[in-house]
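Structure below is target_33.cif: mmCIF, C-alpha atoms and all ligand atoms.
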```cif
data_my_file
loop_
_atom_site.label_atom_id
_atom_site.label_comp_id
_atom_site.auth_asym_id
_atom_site.auth_seq_id
_atom_site.Cartn_x
_atom_site.Cartn_y
_atom_site.Cartn_z
CA MET A 1 -105.86 48.98 -24.23
CA ALA A 2 -104.42 52.45 -24.95
CA LYS A 3 -104.79 55.25 -22.45
CA GLY A 4 -103.95 58.96 -22.92
CA SER A 5 -101.33 60.62 -20.77
CA GLY A 6 -99.82 64.09 -20.48
CA ASN A 7 -96.24 65.19 -20.68
CA ASN A 8 -94.70 67.71 -18.39
CA VAL A 9 -91.00 68.49 -18.46
CA GLY A 10 -90.38 70.29 -15.18
CA GLU A 11 -87.57 71.27 -12.85
CA ALA A 12 -85.32 68.62 -11.35
CA VAL A 13 -87.03 67.17 -8.32
CA HIS A 14 -84.55 64.48 -7.29
CA TYR A 15 -81.03 65.23 -6.19
CA THR A 16 -78.75 62.21 -5.94
CA LEU A 17 -75.94 62.92 -3.49
CA HIS A 18 -72.92 60.75 -4.31
CA LEU A 19 -71.54 60.79 -0.77
CA THR A 20 -68.42 58.91 -1.80
CA ASN A 21 -66.92 56.83 -4.59
CA ASN A 22 -65.58 54.47 -1.94
CA CYS A 23 -67.21 51.10 -1.28
CA ASN A 24 -66.83 48.13 1.05
CA MET A 25 -67.51 45.81 -1.90
CA GLU A 26 -65.83 45.20 -5.24
CA CYS A 27 -68.59 44.09 -7.59
CA LYS A 28 -67.14 42.86 -10.85
CA TYR A 29 -69.47 45.03 -12.95
CA CYS A 30 -69.07 48.19 -10.87
CA TYR A 31 -68.61 51.32 -13.00
CA VAL A 32 -67.62 53.65 -10.12
CA ASP A 33 -64.06 54.91 -10.48
CA ASP A 34 -62.54 54.59 -7.01
CA ASN A 35 -58.92 55.30 -7.89
CA ASN A 36 -59.05 58.61 -6.14
CA ILE A 37 -61.30 58.25 -3.09
CA GLN A 38 -63.49 61.27 -2.46
CA VAL A 39 -66.01 61.98 0.29
CA MET A 40 -68.62 64.71 0.16
CA SER A 41 -68.30 67.32 2.89
CA PHE A 42 -71.34 68.41 4.92
CA ASP A 43 -70.86 71.89 3.44
CA THR A 44 -71.28 70.48 -0.10
CA ALA A 45 -74.34 68.43 0.94
CA LYS A 46 -75.87 71.57 2.48
CA LYS A 47 -75.24 73.55 -0.67
CA ALA A 48 -76.86 70.81 -2.74
CA VAL A 49 -79.91 70.92 -0.48
CA ASP A 50 -79.98 74.74 -0.73
CA LEU A 51 -79.82 74.49 -4.52
CA ALA A 52 -82.66 71.97 -4.57
CA SER A 53 -84.76 74.17 -2.33
CA LYS A 54 -84.00 77.28 -4.43
CA ASN A 55 -85.31 75.51 -7.53
CA SER A 56 -88.41 74.01 -5.96
CA LYS A 57 -90.57 74.64 -2.91
CA ASP A 58 -92.54 71.47 -3.51
CA SER A 59 -91.60 67.86 -3.05
CA ILE A 60 -87.84 67.35 -3.31
CA GLY A 61 -86.24 63.92 -3.33
CA ILE A 62 -82.82 63.54 -1.77
CA ILE A 63 -81.18 60.25 -2.69
CA PHE A 64 -78.11 59.06 -0.81
CA PHE A 65 -75.87 57.19 -3.21
CA GLY A 66 -72.28 56.03 -3.62
CA GLY A 67 -70.08 54.01 -3.81
CA GLU A 68 -71.64 52.84 -0.57
CA PRO A 69 -73.42 55.72 1.19
CA LEU A 70 -73.64 53.95 4.56
CA LEU A 71 -69.87 54.31 4.90
CA HIS A 72 -70.77 57.90 5.80
CA ARG A 73 -73.93 57.57 7.81
CA ASP A 74 -73.11 60.61 9.97
CA LEU A 75 -73.26 62.72 6.84
CA ILE A 76 -76.68 61.22 6.07
CA TYR A 77 -77.89 62.05 9.58
CA GLU A 78 -76.62 65.64 9.36
CA THR A 79 -78.09 66.16 5.90
CA VAL A 80 -81.51 64.83 6.93
CA GLU A 81 -81.45 67.15 9.98
CA TYR A 82 -80.64 70.10 7.74
CA CYS A 83 -83.46 69.19 5.32
CA LYS A 84 -85.89 68.99 8.24
CA TRP A 85 -84.82 72.45 9.32
CA LYS A 86 -85.37 73.76 5.76
CA ASP A 87 -88.75 72.09 5.74
CA LYS A 88 -89.73 73.96 8.91
CA GLN A 89 -88.74 77.23 7.22
CA SER A 90 -91.09 76.26 4.33
CA GLN A 91 -88.10 75.93 2.03
CA GLY A 92 -89.05 72.59 0.50
CA MET A 93 -90.76 69.34 1.37
CA PHE A 94 -88.02 66.76 1.47
CA HIS A 95 -88.27 63.02 1.17
CA PHE A 96 -85.36 60.60 1.29
CA LYS A 97 -84.09 57.45 -0.31
CA ILE A 98 -80.86 55.49 -0.03
CA THR A 99 -79.45 52.92 -2.42
CA THR A 100 -77.21 50.53 -0.52
CA ASN A 101 -75.43 47.22 -0.94
CA GLY A 102 -76.86 46.30 2.48
CA MET A 103 -73.61 45.21 4.14
CA LEU A 104 -73.79 47.99 6.75
CA LEU A 105 -77.52 47.88 7.42
CA ASP A 106 -78.11 47.52 11.14
CA GLU A 107 -80.75 48.18 13.77
CA GLU A 108 -79.50 51.71 14.34
CA PHE A 109 -79.95 52.68 10.72
CA MET A 110 -83.27 50.82 10.44
CA ASN A 111 -84.54 52.85 13.42
CA PHE A 112 -83.29 56.07 11.89
CA SER A 113 -84.78 55.28 8.49
CA ALA A 114 -88.13 54.40 10.09
CA LYS A 115 -88.16 57.62 12.11
CA GLU A 116 -87.22 59.82 9.15
CA ASN A 117 -89.13 57.79 6.57
CA ILE A 118 -86.09 57.00 4.45
CA PHE A 119 -86.88 54.67 1.60
CA ILE A 120 -84.23 51.92 1.35
CA ALA A 121 -83.41 50.34 -2.01
CA LEU A 122 -81.16 47.28 -1.81
CA SER A 123 -78.78 46.08 -4.50
CA HIS A 124 -78.86 42.28 -4.62
CA ASP A 125 -78.61 39.83 -7.51
CA GLY A 126 -80.76 36.96 -6.23
CA ILE A 127 -79.73 33.37 -5.62
CA LYS A 128 -76.22 32.57 -4.43
CA GLU A 129 -75.00 31.32 -7.84
CA ALA A 130 -75.93 34.65 -9.43
CA HIS A 131 -75.15 37.02 -6.57
CA ASP A 132 -71.77 35.61 -5.55
CA SER A 133 -70.54 35.52 -9.14
CA TYR A 134 -70.35 39.30 -9.15
CA ARG A 135 -71.16 40.88 -5.80
CA ILE A 136 -68.00 40.19 -3.83
CA ASP A 137 -66.31 41.90 -0.91
CA ARG A 138 -62.80 43.28 -0.75
CA ASN A 139 -61.44 39.80 0.02
CA ASN A 140 -62.97 38.40 -3.15
CA ILE A 141 -65.67 36.56 -1.20
CA GLY A 142 -69.30 36.52 -2.30
CA THR A 143 -71.60 38.52 -0.03
CA PHE A 144 -74.74 36.37 -0.31
CA ASP A 145 -74.33 34.66 3.08
CA THR A 146 -73.45 37.86 4.92
CA LEU A 147 -76.51 39.56 3.47
CA SER A 148 -79.00 36.83 4.33
CA ASP A 149 -79.84 38.21 7.80
CA LYS A 150 -79.73 41.79 6.50
CA LEU A 151 -82.39 40.92 3.94
CA ASN A 152 -84.60 39.51 6.68
CA MET A 153 -84.10 42.59 8.82
CA LEU A 154 -84.82 44.96 5.95
CA ILE A 155 -87.96 43.26 4.70
CA SER A 156 -89.37 42.78 8.21
CA ARG A 157 -89.01 46.50 8.90
CA ARG A 158 -89.65 47.75 5.37
CA PRO A 159 -92.02 45.31 3.61
CA TYR A 160 -92.02 47.36 0.41
CA ALA A 161 -88.31 47.99 0.02
CA PRO A 162 -87.31 47.64 -3.63
CA VAL A 163 -84.46 45.41 -4.67
CA LEU A 164 -82.22 46.24 -7.62
CA MET A 165 -80.79 43.31 -9.59
CA VAL A 166 -78.16 43.24 -12.30
CA VAL A 167 -78.27 40.38 -14.82
CA ASN A 168 -75.08 39.28 -16.54
CA PRO A 169 -74.63 36.94 -19.51
CA ASP A 170 -73.43 34.07 -17.32
CA THR A 171 -76.08 34.64 -14.65
CA ALA A 172 -79.04 35.04 -17.04
CA GLU A 173 -79.91 31.37 -16.54
CA PHE A 174 -80.59 32.15 -12.86
CA LEU A 175 -82.89 35.10 -13.45
CA ALA A 176 -86.25 33.39 -12.85
CA ARG A 177 -84.99 31.54 -9.76
CA SER A 178 -83.42 34.74 -8.47
CA VAL A 179 -86.66 36.70 -8.77
CA GLU A 180 -88.56 33.86 -7.12
CA TYR A 181 -85.97 33.75 -4.32
CA LEU A 182 -86.29 37.48 -3.65
CA TYR A 183 -90.06 37.14 -3.76
CA SER A 184 -89.87 34.30 -1.22
CA LYS A 185 -87.82 36.55 1.05
CA GLY A 186 -90.69 39.04 0.93
CA PHE A 187 -89.57 41.52 -1.73
CA ARG A 188 -92.42 42.74 -3.92
CA TYR A 189 -90.70 45.50 -5.90
CA ILE A 190 -88.00 43.97 -8.06
CA ILE A 191 -86.09 46.07 -10.53
CA SER A 192 -83.85 44.05 -12.78
CA SER A 193 -81.60 45.45 -15.46
CA LEU A 194 -78.97 44.01 -17.73
CA ASN A 195 -75.30 44.71 -17.48
CA TYR A 196 -75.27 46.27 -20.95
CA ALA A 197 -71.53 46.77 -20.80
CA ALA A 198 -70.99 42.98 -20.75
CA ASN A 199 -70.39 40.78 -23.76
CA TRP A 200 -73.79 39.19 -24.56
CA THR A 201 -73.94 36.46 -27.21
CA ASP A 202 -77.02 35.35 -29.17
CA ARG A 203 -77.13 32.25 -27.02
CA ASP A 204 -77.16 34.35 -23.83
CA MET A 205 -80.10 36.31 -25.26
CA GLU A 206 -81.95 33.06 -25.96
CA VAL A 207 -81.38 32.00 -22.36
CA LEU A 208 -82.65 35.37 -21.19
CA LYS A 209 -85.73 35.05 -23.36
CA SER A 210 -86.67 31.70 -21.85
CA GLN A 211 -86.15 33.16 -18.37
CA TYR A 212 -88.55 36.01 -19.17
CA GLU A 213 -91.09 33.46 -20.45
CA MET A 214 -90.86 31.64 -17.10
CA LEU A 215 -91.12 34.89 -15.21
CA GLY A 216 -94.16 35.85 -17.27
CA GLN A 217 -95.97 32.82 -15.87
CA PHE A 218 -94.83 33.68 -12.33
CA TYR A 219 -95.96 37.29 -12.73
CA PHE A 220 -99.29 36.14 -14.16
CA GLU A 221 -99.98 33.84 -11.21
CA LYS A 222 -99.10 36.47 -8.63
CA THR A 223 -101.12 39.18 -10.35
CA ILE A 224 -104.18 36.95 -10.75
CA ALA A 225 -103.84 36.18 -7.03
CA GLU A 226 -104.15 39.98 -6.42
CA ASP A 227 -100.60 40.19 -5.16
CA LYS A 228 -99.05 43.62 -5.44
CA PHE A 229 -95.92 42.48 -7.19
CA TYR A 230 -93.77 44.69 -9.43
CA LEU A 231 -91.22 43.31 -11.81
CA SER A 232 -89.67 46.19 -13.70
CA PRO A 233 -89.05 44.70 -17.17
CA PHE A 234 -92.75 43.81 -17.51
CA GLU A 235 -94.12 46.92 -15.80
CA VAL A 236 -92.13 49.22 -18.07
CA LYS A 237 -93.10 47.50 -21.29
CA ILE A 238 -96.77 47.10 -20.36
CA SER A 239 -96.85 50.76 -19.39
CA SER A 240 -95.30 51.69 -22.75
CA HIS A 241 -98.16 49.89 -24.50
CA ILE A 242 -100.87 51.55 -22.43
CA SER A 243 -99.39 55.08 -22.52
CA GLY A 244 -99.01 54.99 -26.31
CA ASP A 245 -96.98 57.72 -27.97
CA SER A 246 -96.58 59.77 -24.79
CA TYR A 247 -94.55 56.98 -23.17
CA CYS A 248 -91.09 57.92 -24.41
CA HIS A 249 -91.39 61.39 -22.88
CA GLU A 250 -92.32 60.09 -19.45
CA ARG A 251 -88.90 58.62 -18.78
CA CYS A 252 -85.35 59.69 -18.43
CA GLU A 253 -85.48 63.45 -19.14
CA LEU A 254 -81.78 63.55 -18.60
CA GLY A 255 -80.76 66.22 -16.13
CA LYS A 256 -84.27 67.65 -15.82
CA LYS A 257 -86.02 65.45 -13.29
CA GLN A 258 -82.95 64.33 -11.43
CA ILE A 259 -79.49 65.71 -10.90
CA SER A 260 -76.47 63.88 -9.55
CA VAL A 261 -74.16 65.73 -7.19
CA ALA A 262 -70.56 64.44 -7.09
CA PRO A 263 -68.55 64.43 -3.84
CA ASP A 264 -66.71 67.56 -5.05
CA GLY A 265 -69.99 69.40 -5.68
CA LEU A 266 -70.05 69.18 -9.47
CA LEU A 267 -73.50 68.55 -10.94
CA TYR A 268 -74.23 65.87 -13.56
CA PRO A 269 -77.38 64.86 -15.46
CA CYS A 270 -77.48 61.29 -14.11
CA VAL A 271 -75.48 58.78 -12.08
CA GLN A 272 -73.54 57.29 -15.01
CA PHE A 273 -71.92 60.64 -15.80
CA VAL A 274 -70.47 61.45 -12.39
CA GLY A 275 -66.79 62.29 -12.63
CA GLU A 276 -66.87 62.92 -16.41
CA LYS A 277 -66.34 66.65 -16.40
CA ASP A 278 -67.39 67.02 -20.05
CA PHE A 279 -70.90 66.17 -18.90
CA SER A 280 -70.98 68.46 -15.88
CA ILE A 281 -73.97 70.82 -15.79
CA GLY A 282 -72.79 73.14 -13.04
CA ASN A 283 -71.79 72.97 -9.40
CA VAL A 284 -73.38 73.52 -6.00
CA ASN A 285 -71.74 76.95 -5.62
CA THR A 286 -72.89 78.56 -8.85
CA GLY A 287 -75.95 76.41 -9.55
CA ILE A 288 -77.21 74.66 -12.68
CA ASP A 289 -75.75 75.78 -16.00
CA ARG A 290 -79.08 75.91 -17.83
CA GLU A 291 -77.52 76.21 -21.26
CA ARG A 292 -75.35 73.16 -20.71
CA GLN A 293 -78.25 71.25 -19.18
CA GLU A 294 -80.43 72.04 -22.21
CA THR A 295 -77.68 71.09 -24.67
CA ILE A 296 -77.25 67.63 -23.12
CA TYR A 297 -81.01 67.18 -22.79
CA SER A 298 -81.66 68.13 -26.43
CA SER A 299 -78.84 65.96 -27.71
CA ASN A 300 -80.34 63.01 -25.85
CA GLU A 301 -83.80 63.73 -27.27
CA GLU A 302 -82.64 63.54 -30.88
CA GLU A 303 -83.91 60.47 -32.67
CA LYS A 304 -81.06 57.99 -33.01
CA VAL A 305 -80.19 57.37 -36.68
CA SER A 306 -80.38 53.61 -36.21
CA CYS A 307 -83.89 53.90 -34.73
CA GLN A 308 -85.60 56.32 -37.11
CA THR A 309 -87.67 53.75 -38.98
CA CYS A 310 -88.14 51.25 -36.19
CA SER A 311 -91.81 50.46 -35.55
CA ILE A 312 -91.32 50.06 -31.79
CA ARG A 313 -89.19 53.14 -31.20
CA LYS A 314 -91.89 54.83 -29.10
CA ARG A 315 -91.82 51.93 -26.70
CA CYS A 316 -88.09 51.40 -26.60
CA ASN A 317 -85.65 52.55 -23.94
CA HIS A 318 -83.19 53.84 -26.52
CA TYR A 319 -83.93 57.38 -25.29
CA CYS A 320 -82.19 56.66 -21.99
CA GLY A 321 -78.94 58.57 -22.34
CA CYS A 322 -77.66 57.14 -19.07
CA MET A 323 -78.09 53.58 -20.32
CA ASN A 324 -76.58 54.44 -23.70
CA LYS A 325 -73.63 56.02 -21.96
CA GLN A 326 -73.07 52.89 -19.88
CA SER A 327 -73.27 50.52 -22.84
CA THR A 328 -71.68 52.44 -25.72
CA GLY A 329 -69.87 55.38 -24.11
CA SER A 330 -72.13 57.83 -25.98
CA ILE A 331 -75.58 59.13 -25.07
CA ASN A 332 -76.62 59.03 -28.73
CA LYS A 333 -75.60 55.52 -29.59
CA VAL A 334 -77.73 52.51 -28.70
CA SER A 335 -76.02 49.22 -28.00
CA PRO A 336 -77.01 46.23 -30.17
CA ILE A 337 -77.61 44.32 -26.93
CA GLN A 338 -80.16 46.84 -25.78
CA CYS A 339 -81.85 46.69 -29.18
CA SER A 340 -82.06 42.87 -29.04
CA HIS A 341 -83.28 43.00 -25.48
CA GLU A 342 -86.11 45.39 -26.34
CA ARG A 343 -87.18 43.19 -29.24
CA LEU A 344 -87.23 40.00 -27.21
CA LEU A 345 -88.94 41.47 -24.15
CA LEU A 346 -91.72 43.43 -25.82
CA PRO A 347 -93.74 40.51 -27.28
CA ILE A 348 -93.49 38.59 -24.00
CA ALA A 349 -94.76 41.58 -22.01
CA ASP A 350 -97.54 42.22 -24.54
CA ARG A 351 -98.75 38.62 -24.41
CA LEU A 352 -98.71 38.77 -20.62
CA ALA A 353 -100.69 42.03 -20.57
CA GLU A 354 -103.24 40.64 -22.99
CA LYS A 355 -103.73 37.53 -20.87
CA LEU A 356 -104.22 39.58 -17.70
CA TYR A 357 -106.53 42.01 -19.47
CA LYS A 358 -108.69 39.21 -20.82
CA LYS A 359 -108.87 37.68 -17.35
CA LYS A 360 -109.98 41.12 -16.11
CA SER A 361 -107.36 40.93 -13.37
CA ALA A 362 -108.34 43.63 -10.86
CA MET A 363 -104.73 44.15 -9.76
CA PHE A 364 -103.59 44.54 -13.37
CA ILE A 365 -106.37 47.03 -14.20
CA GLN A 366 -105.69 49.05 -11.03
CA LYS A 367 -101.96 49.12 -11.56
CA HIS A 368 -101.99 50.13 -15.18
CA TYR A 369 -105.22 52.03 -15.74
CA ASN A 370 -105.87 53.87 -12.49
CA ASP A 371 -103.84 57.11 -12.45
CA MET A 372 -104.34 57.35 -8.69
CA PHE A 373 -102.92 53.87 -8.07
CA PRO A 374 -99.28 54.87 -7.41
CA MET A 375 -100.46 57.36 -4.78
CA LEU A 376 -102.97 54.96 -3.19
CA SER A 377 -100.38 52.22 -3.24
CA LEU A 378 -97.83 54.43 -1.51
CA ILE A 379 -100.31 55.33 1.22
CA GLU A 380 -101.19 51.67 1.68
CA ASP A 381 -97.51 50.66 1.84
CA SER A 382 -96.74 53.44 4.35
CA GLY A 383 -99.59 52.22 6.54
CA LYS A 384 -98.19 48.69 6.53
CA ARG A 385 -94.62 49.74 7.29
CA LYS A 386 -93.48 48.35 10.63
CA LEU A 387 -91.63 50.80 12.85
S1 LIG A 401 -71.90 47.90 -4.13
FE1 LIG A 401 -72.25 49.32 -5.82
S2 LIG A 401 -70.64 50.87 -5.61
FE2 LIG A 401 -70.04 49.10 -4.37
S3 LIG A 401 -68.71 47.89 -5.71
FE3 LIG A 401 -70.82 47.09 -5.90
S4 LIG A 401 -71.71 48.18 -7.67
FE4 LIG A 401 -69.88 49.31 -7.02
S1 LIG A 402 -85.67 48.31 -30.90
FE1 LIG A 402 -83.60 48.82 -31.63
S2 LIG A 402 -83.91 49.95 -33.57
FE2 LIG A 402 -85.87 49.90 -32.47
S3 LIG A 402 -85.92 51.83 -31.34
FE3 LIG A 402 -85.11 50.24 -29.97
S4 LIG A 402 -82.90 50.37 -30.16
FE4 LIG A 402 -83.78 51.45 -31.90
#
```
File written out as structure tokens:
Amino acid sequence: MAKGSGNNVGEAVHYTLHLTNNCNMECKYCYVDDNNIQVMSFDTAKKAVDLASKNSKDSIGIIFFGGEPLLHRDLIYETVEYCKWKDKQSQGMFHFKITTNGMLLDEEFMNFSAKENIFIALSHDGIKEAHDSYRIDRNNIGTFDTLSDKLNMLISRRPYAPVLMVVNPDTAEFLARSVEYLYSKGFRYIISSLNYAANWTDRDMEVLKSQYEMLGQFYFEKTIAEDKFYLSPFEVKISSHISGDSYCHERCELGKKQISVAPDGLLYPCVQFVGEKDFSIGNVNTGIDRERQETIYSSNEEEKVSCQTCSIRKRCNHYCGCMNKQSTGSINKVSPIQCSHERLLLPIADRLAEKLYKKKSAMFIQKHYNDMFPMLSLIEDSGKRKL
């Protein structure tokens, strides 16, 4: 099933603007330090956009992030206006994305996002038992019920909005039902990741494994039915099989393909590092410190001692410095949980891929073997978006 693929380490093309470290929620697994609330000024946002445009005249992604970015929607509006002005001066082709907890989504923002083509990614953990265990508001109340109508509004206006799920040890048993719930609400792009910082036991991993087995069957049925359904754990592992040895270089690239901009204008290689000044790679006033950027990038690229002889290292996410940082506090150290997770997921994804390949599933072949598919898919999704 292998397919060749190139590797091109280029300039950063996505700038994640951390508009604030403040949030209207208090998720139990949140890693954002909100002890000292900061808000990005428009001047800093402008400088970040200028920096992005100085480094690239091509497609530039601006991602609005937090805390909760919709707490400062005026700043989003102003920044988008400024990017449009830059675009007119041929100083970059900007496209936009926001990652939100959804609590402040309303008609006004949906209209704005439709007009300016802002891609909305929603954080949501699935069924009530899973979601409300962790995603609570400032009064300690689960946000599932409040979000129900927001989910309907989002998916009716943006049928291809992705949803980002976090799985915890005590919510692993709800994973399959949570994915099926989000699917039933209309979501077709589901990105689930583990809370690697949590305390996972062997039993939790067994539960997770059986959930992936169930989801494998669900994914199989949807794919055979020609449904365009993405479930990140399977997509990533199937892609790692098909891309072969080039796979590990197509991900992460810490600080090269995306840069995080903190509210105070300091630059970081990824979202997990924001606020940790030892990992800063410059600021919006003086630009990217290339030497520092390269040092962090190279350090992340080094083969981890614990992984040197592992037969699946080319297909493993242990190169993700951001994930390593979250789980172990170091970009060079892989958490045992991540290692176990890779080992349990890979055979399930491989069996699934083999089944779909043997069935000659057209959707599977298109998705994983047609290099043009992501582009064609995007055009198709844009055409179906309801304004
Ligand atoms: S919505 Fe995001 S930023 Fe806000 S508390 Fe939850 S995880 Fe943290
Ligand atoms: S599976 Fe474990 S040992 Fe193998 S590369 Fe991944 S993290 Fe390293």
*Please work out which residues fall within 10 Å of (-88.8, 44.4, -3.5), coordinates as given in the file, with only C-alpha atoms counting, and return them as a list in words.*
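The requested residues, written out, are Ala121, Leu122, Ile155, Arg158, Pro159, Tyr160, Ala161, Pro162, Val163, Leu164, Val179, Leu182, Tyr183, Lys185, Gly186, Phe187, Arg188, Tyr189, Ile190, Ile191, Phe229, Tyr230 and Leu231 of chain A.
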Grab the atom S1 of ligand LIG 402 (chain A) to CA of Tyr319 in chain A distance for me, in Å with one decimal place.
->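 Interatomic distance, atom S1 of ligand LIG 402 (chain A) to CA of Tyr319 in chain A: 10.8 Å.
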Test item: residues no farther than 8 Å from ligand LIG 402 (chain A), counting all atoms listed in the file, as an mmCIF file with C-alpha atoms, in the frame of the given file:
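Output file result.cif is given in full below:
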```cif
data_model
loop_
_atom_site.group_PDB
_atom_site.id
_atom_site.type_symbol
_atom_site.label_atom_id
_atom_site.label_comp_id
_atom_site.auth_asym_id
_atom_site.auth_seq_id
_atom_site.Cartn_x
_atom_site.Cartn_y
_atom_site.Cartn_z
ATOM 1 C CA LYS A 304 -81.060 57.990 -33.010
ATOM 2 C CA SER A 306 -80.380 53.610 -36.210
ATOM 3 C CA CYS A 307 -83.890 53.900 -34.730
ATOM 4 C CA GLN A 308 -85.600 56.320 -37.110
ATOM 5 C CA THR A 309 -87.670 53.750 -38.980
ATOM 6 C CA CYS A 310 -88.140 51.250 -36.190
ATOM 7 C CA SER A 311 -91.810 50.460 -35.550
ATOM 8 C CA ILE A 312 -91.320 50.060 -31.790
ATOM 9 C CA ARG A 313 -89.190 53.140 -31.200
ATOM 10 C CA LYS A 314 -91.890 54.830 -29.100
ATOM 11 C CA ARG A 315 -91.820 51.930 -26.700
ATOM 12 C CA CYS A 316 -88.090 51.400 -26.600
ATOM 13 C CA ASN A 317 -85.650 52.550 -23.940
ATOM 14 C CA HIS A 318 -83.190 53.840 -26.520
ATOM 15 C CA VAL A 334 -77.730 52.510 -28.700
ATOM 16 C CA SER A 335 -76.020 49.220 -28.000
ATOM 17 C CA PRO A 336 -77.010 46.230 -30.170
ATOM 18 C CA GLN A 338 -80.160 46.840 -25.780
ATOM 19 C CA CYS A 339 -81.850 46.690 -29.180
ATOM 20 C CA SER A 340 -82.060 42.870 -29.040
ATOM 21 C CA HIS A 341 -83.280 43.000 -25.480
ATOM 22 C CA GLU A 342 -86.110 45.390 -26.340
ATOM 23 C CA ARG A 343 -87.180 43.190 -29.240
#
```
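Of note, CA of Tyr357 in chain A and CA of Ser178 in chain A are spaced 26.6 Å apart.
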Residues contacting ligand LIG 401 (chain A) - anything with an atom at most 10 Å away, using all atoms listed in the file - can you give me those as a PyMOL selection string? chain A and resi 20-34+65-69+99-103+122-124+134-138+166
CA of Phe174 in chain A sits from CA of Ala353 in chain A at a separation of 23.7 Å
Find the residues around Met93 in chain A up to 6 Å (all atoms listed in the file counted), leave out those fewer than 4 positions away in its own chain, and share them as a VMD selection string. chain A and resid 58 to 60 87
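For the set A:Phe273, A:Ser148, A:Met153, A:Asp125, the residue with the smallest atom-to-atom gap to Ser193 in chain A is A:Asp125, counting only C-alpha atoms.
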Excluding same-chain residues fewer than 6 positions from His18 in chain A, what lies within 12 Å of it counting all atoms listed in the file, as a compact mmCIF listing (two decimals) with C-alpha atoms, keeping the file's coordinate frame?
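This is the output file out25.txt:
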```txt
# COMPACT_ATOMS: atom_id res chain seq x y z
CA VAL A 32 -67.62 53.65 -10.12
CA ILE A 37 -61.30 58.25 -3.09
CA GLN A 38 -63.49 61.27 -2.46
CA VAL A 39 -66.01 61.98 0.29
CA MET A 40 -68.62 64.71 0.16
CA SER A 41 -68.30 67.32 2.89
CA THR A 44 -71.28 70.48 -0.10
CA ALA A 45 -74.34 68.43 0.94
CA ALA A 48 -76.86 70.81 -2.74
CA ILE A 62 -82.82 63.54 -1.77
CA ILE A 63 -81.18 60.25 -2.69
CA PHE A 64 -78.11 59.06 -0.81
CA PHE A 65 -75.87 57.19 -3.21
CA GLY A 66 -72.28 56.03 -3.62
CA GLY A 67 -70.08 54.01 -3.81
CA GLU A 68 -71.64 52.84 -0.57
CA PRO A 69 -73.42 55.72 1.19
CA LEU A 70 -73.64 53.95 4.56
CA LEU A 71 -69.87 54.31 4.90
CA HIS A 72 -70.77 57.90 5.80
CA LEU A 75 -73.26 62.72 6.84
CA ILE A 76 -76.68 61.22 6.07
CA ILE A 98 -80.86 55.49 -0.03
CA THR A 99 -79.45 52.92 -2.42
CA THR A 100 -77.21 50.53 -0.52
CA ILE A 259 -79.49 65.71 -10.90
CA SER A 260 -76.47 63.88 -9.55
CA VAL A 261 -74.16 65.73 -7.19
CA ALA A 262 -70.56 64.44 -7.09
CA PRO A 263 -68.55 64.43 -3.84
CA ASP A 264 -66.71 67.56 -5.05
CA GLY A 265 -69.99 69.40 -5.68
CA LEU A 266 -70.05 69.18 -9.47
CA LEU A 267 -73.50 68.55 -10.94
CA TYR A 268 -74.23 65.87 -13.56
CA CYS A 270 -77.48 61.29 -14.11
CA VAL A 271 -75.48 58.78 -12.08
CA GLN A 272 -73.54 57.29 -15.01
CA PHE A 273 -71.92 60.64 -15.80
CA VAL A 274 -70.47 61.45 -12.39
CA GLY A 275 -66.79 62.29 -12.63
```
Of A:Ile365, A:Ile348, A:Leu154, A:Ile337, the one nearest to Lys209 in chain A when counting only C-alpha atoms is A:Ile348
| Shell around Tyr212 in chain A at 8 Å using only C-alpha atoms, local window under 3 positions removed, as a ChimeraX atom specification | /A:176,208-209,215-216,345,348
Check your understanding: Smallest atom-to-atom distance to Lys228 in chain A: which of A:Val167, A:Ala362, A:Ile118, A:Ile127, using all atoms listed in the file?
Key ->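 For Lys228 in chain A, the nearest of the given residues is A:Ala362.
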Problem - Shell around Ala52 in chain A at 10 Å using all atoms listed in the file, local window under 3 positions removed, as a list in words - result: Glu11, Ala12, Val13, His14, Tyr15, Lys46, Lys47, Ala48, Val49, Asn55, Ser56, Lys57, Asp58, Ser59, Ile60, Gly61, Ile62, Gln91, Gly92, Phe94, Ile259, Val284 and Gly287 of chain A
Would you list the contacts of Ser298 in chain A as a PyMOL selection string, taking every protein, DNA or RNA residue within 12 Å and counting all atoms listed in the file, but skipping same-chain residues closer than 2 positions in sequence? chain A and resi 253-256+290-296+300-303+319+321+331-332
Smallest atom-to-atom distance to Ile288 in chain A: which of A:Tyr77, A:Phe42, A:Lys54, A:Asn117, using all atoms listed in the file?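 The closest residue to Ile288 in chain A is A:Lys54.
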Go ahead and fit an axis-aligned box to every listed atom of range 51-56 of chain A plus 8 Å each side, and pass me the centre and edge lengths in Å, one decimal, as lines of an AutoDock Vina configuration file.
```
center_x = -84.1
center_y = 74.6
center_z = -4.9
size_x = 24.6
size_y = 21.3
size_z = 21.2
```
Using only C-alpha atoms, the shortest atom-to-atom distance to Glu81 in chain A among A:Leu194, A:Leu105, A:Glu354, A:Lys115 belongs to A:Lys115
